[in-house]
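Participant: There's a structure below that I have some questions on.
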Amino acid sequence: MTATLVKEAPPAPPAIAERARRRRRRGRAVALLFVLPALLLLGALVVYPVLFSIGRSFFDASGTRFVGGGNYAEMLHDPATLKAVRNTAVWVVVAPALLTGLGLVLAVLVEKVRWATAFKLLLFMPMAVSFLAAGIIFRLAYDEDPDKGVLNAAVVSVHDAFTGTSAYPTARAREGQGLNAGPDGSYRTGTSLSPGDTVALGLVGVPPKDLPAGAGPAYPAAGRKAAPDEVRGVVYLDFTPGGGGKQGKVDRRESGLPEMKVEAVRDGRTVASTTTASDGSFAFPGLESGSYGVRLPAANFAPPYEGVSWLGPLLVTPAIIGAYLWIWTGFAMVLIGAGLATLPRDALEAARMDGANEWQIFRRITVPLLAPVLTVVFVTLVINVMKVFDLVYIIAPGPVQEDATVLATQMWLVSFGGGNNQGLGSALGVLLLLLVVPAMVFNLRRFRRSQR
């Protein structure tokens, strides 16, 4: 008995196509199953809030009355919102440009540093600090009190090193004791003096512990006689420790005030000047006969230099931008450094062989070749600064919060920070979204073009 082998015919072309379609449908179903959790999160955390905010922006503060475009009209006429738009524009123009420029310069310079990796790590470390912590750090650094704020401590130290400071900012003359206050803060004797006269100028308001080191008793100086051609005197602290003594007279236990500038004045002009000795004594020798007055210039009583008001209305926005630069400079440098590492070295070497210097190579070769990377960094930073909130809210003190506000902080203040108008806050959120979307679209298109 013999078996007959029968060869099966191949499946018809429609059957093959149907099987391929089933495989594709199964692949799509599996892919959708894996993507579904991400899509649900994206819808719950992004899509739904955006749609809800757009709808909420057409209702009043209570959310019950439809106002149409009323919130948008109010937003465009609100001075605080207009200031927030202006400050946001300053951030968008200044911060990304400075960061991109600093990142480019540092990336080029780091290539020539021996410890390049350690230097990059050092500059990138602020990225690990949260915006909250960075805001607290810079709030303290910008403090106006030189004893707390490190920046003002440095500014005051430099200022005092070149200009000096008054030793008696709290000193004042005792009323009715021979010294009259001038409109400029100086003091002058009320009676005229002639050569051969002596005068005692008593001041109060100086704590004994704040007297300069080396200040001596004023009593011996008060007993010295003046020569016929001089006016002599003593500037002293009219205060006796422990009580006692008589006002307007130099007591044995009262201290002289050294380093006090004293001027002899005649007919409104300063004819002589000197500085008191350690016991507060002074003398103007060689004076011609006539009437003179003795003046203590206002510089003796000038308040100490307190530094710069970094968080005042004028400087608060630049100060916060400075804190932002400290955080993000490392980010820009690392990204640009990565692009710099991919540049064709033969083009740079050819330029050097042709006699181009480093500046010419940087300007005509390095920067043009890095243009795509610089654009990506710049646009990414633009998107980021439009959403800045933490630094502005933490660093700016309450009185100048409105002067530093940006759209993100204004949206929060209007919605939850006391305004309780979530309709207007939603309108501000929609405005911020409309401003961010073009930059995001530009960045995505640029990324796709670079991939192709």
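We label chains A, B, ... in the order they appear in the structure tokens, count residues from 1 in each chain, and number ligands from 1 in the order shown.
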May I have all residues of stretch 185-230 of chain A that DSSP, computed from the backbone, assigns to alpha helix (DSSP H), given as a ChimeraX atom specification?
Facilitator: /A:219-222
Participant: What would the file look like if the residues just selected were written as an mmCIF file, in the first residue's frame with all heavy atoms?
Facilitator:
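Full text of part37.cif as output:
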data_model
loop_
_atom_site.group_PDB
_atom_site.id
_atom_site.type_symbol
_atom_site.label_atom_id
_atom_site.label_comp_id
_atom_site.auth_asym_id
_atom_site.auth_seq_id
_atom_site.Cartn_x
_atom_site.Cartn_y
_atom_site.Cartn_z
ATOM 1 N N TYR A 219 39.483 116.691 81.407
ATOM 2 C CA TYR A 219 39.677 117.729 82.432
ATOM 3 C C TYR A 219 41.025 118.436 82.308
ATOM 4 O O TYR A 219 41.077 119.662 82.369
ATOM 5 C CB TYR A 219 39.504 117.116 83.820
ATOM 6 C CG TYR A 219 39.522 118.130 84.923
ATOM 7 C CD1 TYR A 219 38.406 118.923 85.198
ATOM 8 C CD2 TYR A 219 40.671 118.308 85.708
ATOM 9 C CE1 TYR A 219 38.430 119.872 86.210
ATOM 10 C CE2 TYR A 219 40.710 119.246 86.723
ATOM 11 C CZ TYR A 219 39.577 120.027 86.968
ATOM 12 O OH TYR A 219 39.614 120.978 87.971
ATOM 13 N N PRO A 220 42.131 117.717 82.119
ATOM 14 C CA PRO A 220 43.413 118.452 82.002
ATOM 15 C C PRO A 220 43.432 119.396 80.810
ATOM 16 O O PRO A 220 43.994 120.496 80.887
ATOM 17 C CB PRO A 220 44.438 117.324 81.852
ATOM 18 C CG PRO A 220 43.792 116.127 82.456
ATOM 19 C CD PRO A 220 42.342 116.269 82.149
ATOM 20 N N ALA A 221 42.833 118.991 79.686
ATOM 21 C CA ALA A 221 42.850 119.847 78.500
ATOM 22 C C ALA A 221 42.028 121.102 78.717
ATOM 23 O O ALA A 221 42.330 122.168 78.157
ATOM 24 C CB ALA A 221 42.320 119.072 77.289
ATOM 25 N N ALA A 222 40.950 120.990 79.532
ATOM 26 C CA ALA A 222 40.095 122.155 79.762
ATOM 27 C C ALA A 222 40.802 123.247 80.548
ATOM 28 O O ALA A 222 40.419 124.423 80.478
ATOM 29 C CB ALA A 222 38.823 121.720 80.494
#
Participant: Excluding A:Val67 and any residue of its chain fewer than 3 positions from it, enumerate the residues within 9 Å of it, using only C-alpha atoms, and give them as a list in words.
Facilitator: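 These residues fall inside the cut-off: Ser57, Phe58, Phe59, Asp60, Gly70 and Asn71 of chain A.
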Participant: For atom CA of A:Phe284 and atom CA of A:Pro207, quote the distance in Å rounded to one decimal.
Facilitator: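 Going from atom CA of A:Phe284 over to atom CA of A:Pro207, I get 28.5 Å.
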Participant: Hey, what's within 8 Å of A:Phe378 if we count only C-alpha atoms and toss same-chain stuff fewer than 5 positions away? As a list in words, please?
Facilitator: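 Returned residues: Pro96, Ala97 and Thr100 of chain A.
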Participant: Rank A:Ile395, A:Met75, A:Met353, A:Leu98 by their smallest atom-to-atom distance to A:Leu428, using only C-alpha atoms, and report the top residue only.
Facilitator: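 Among the listed residues, A:Met75 lies closest to A:Leu428.
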Participant: Quick one: everything within 7 Å of A:Asn180, counting only C-alpha atoms, minus sequence neighbours fewer than 4 positions away in the same chain. Send it as a ChimeraX atom specification.
Facilitator: /A:187-190
Participant: Now that the selection is made, can you save its residues with C-alpha atoms as a short mmCIF file (atom, residue, chain, number, x, y, z; two decimals), in the first residue's frame?
Facilitator:
data_model
loop_
_atom_site.label_atom_id
_atom_site.label_comp_id
_atom_site.auth_asym_id
_atom_site.auth_seq_id
_atom_site.Cartn_x
_atom_site.Cartn_y
_atom_site.Cartn_z
CA TYR A 187 26.99 122.65 65.38
CA ARG A 188 28.45 126.12 65.97
CA THR A 189 29.27 128.19 69.01
CA GLY A 190 26.59 130.72 69.85
#
Participant: Could you name the residues that touch A:Thr405 at 12 Å or less, counting only C-alpha atoms, but leaving out those on the same chain fewer than 2 positions away, as JSON, numbers by chain?
Facilitator: {"A": [79, 80, 81, 82, 83, 84, 85, 86, 87, 88, 89, 90, 91, 313, 316, 317, 320, 386, 387, 388, 389, 390, 391, 392, 393, 394, 395, 396, 397, 398, 399, 400, 401, 402, 403, 407, 408, 409, 410, 411, 412, 413, 414]}
Participant: Determine, counting only C-alpha atoms, which protein, DNA and RNA residues have an atom within 12 Å of an atom of A:Ser273; residues of the same chain fewer than 4 positions away are not included. Present the result as a list in words.
Facilitator: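 In the requested format, the answer is Val231, Met260, Lys261, Val262, Glu263, Ala264, Val265, Arg266, Arg269, Phe282, Ala283, Phe284, Pro285, Leu287, Gly293, Val294, Arg295, Leu296 and Pro297 of chain A.
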Participant: Would you kindly return, as a PyMOL selection string, each protein, DNA or RNA residue with an atom no farther than 7 Å from any atom of A:Leu201, considering only C-alpha atoms and excluding same-chain residues fewer than 3 positions away?
Facilitator: chain A and resi 234-236
Participant: Give me a file of those residues, with all heavy atoms, as a PDB file, in the first residue's frame.
Facilitator:
ATOM      1  N   VAL A 234      38.218 122.251  73.946  1.00  0.00           N
ATOM      2  CA  VAL A 234      38.121 120.819  74.146  1.00  0.00           C
ATOM      3  C   VAL A 234      36.710 120.377  73.788  1.00  0.00           C
ATOM      4  O   VAL A 234      35.732 121.073  74.091  1.00  0.00           O
ATOM      5  CB  VAL A 234      38.466 120.420  75.607  1.00  0.00           C
ATOM      6  CG1 VAL A 234      37.523 121.084  76.607  1.00  0.00           C
ATOM      7  CG2 VAL A 234      38.433 118.900  75.773  1.00  0.00           C
ATOM      8  N   VAL A 235      36.617 119.268  73.092  1.00  0.00           N
ATOM      9  CA  VAL A 235      35.327 118.638  72.776  1.00  0.00           C
ATOM     10  C   VAL A 235      35.231 117.404  73.668  1.00  0.00           C
ATOM     11  O   VAL A 235      36.108 116.532  73.625  1.00  0.00           O
ATOM     12  CB  VAL A 235      35.234 118.247  71.297  1.00  0.00           C
ATOM     13  CG1 VAL A 235      33.850 117.661  70.998  1.00  0.00           C
ATOM     14  CG2 VAL A 235      35.499 119.445  70.401  1.00  0.00           C
ATOM     15  N   TYR A 236      34.185 117.327  74.484  1.00  0.00           N
ATOM     16  CA  TYR A 236      34.126 116.264  75.477  1.00  0.00           C
ATOM     17  C   TYR A 236      32.711 115.700  75.578  1.00  0.00           C
ATOM     18  O   TYR A 236      31.742 116.296  75.104  1.00  0.00           O
ATOM     19  CB  TYR A 236      34.565 116.799  76.841  1.00  0.00           C
ATOM     20  CG  TYR A 236      33.609 117.793  77.456  1.00  0.00           C
ATOM     21  CD1 TYR A 236      32.745 117.420  78.490  1.00  0.00           C
ATOM     22  CD2 TYR A 236      33.563 119.111  77.011  1.00  0.00           C
ATOM     23  CE1 TYR A 236      31.855 118.322  79.050  1.00  0.00           C
ATOM     24  CE2 TYR A 236      32.690 120.028  77.572  1.00  0.00           C
ATOM     25  CZ  TYR A 236      31.842 119.627  78.589  1.00  0.00           C
ATOM     26  OH  TYR A 236      30.948 120.532  79.136  1.00  0.00           O
TER      27      TYR A 236
END
Participant: Distance atom CA of A:Ala95-atom CA of A:Ile321, one decimal place?
Facilitator: 6.5 Å
Participant: So which one's closest to A:Val110, A:Leu203, A:Leu123, A:Glu230, A:Leu41? Using only C-alpha atoms, please.
Facilitator: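 Among A:Leu203, A:Leu123, A:Glu230, A:Leu41, it is A:Leu123 that comes nearest to A:Val110.
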Participant: Using Å and a single decimal, report how far atom CA of A:Val113 sits from atom CA of A:Glu358.
Facilitator: 15.5 Å
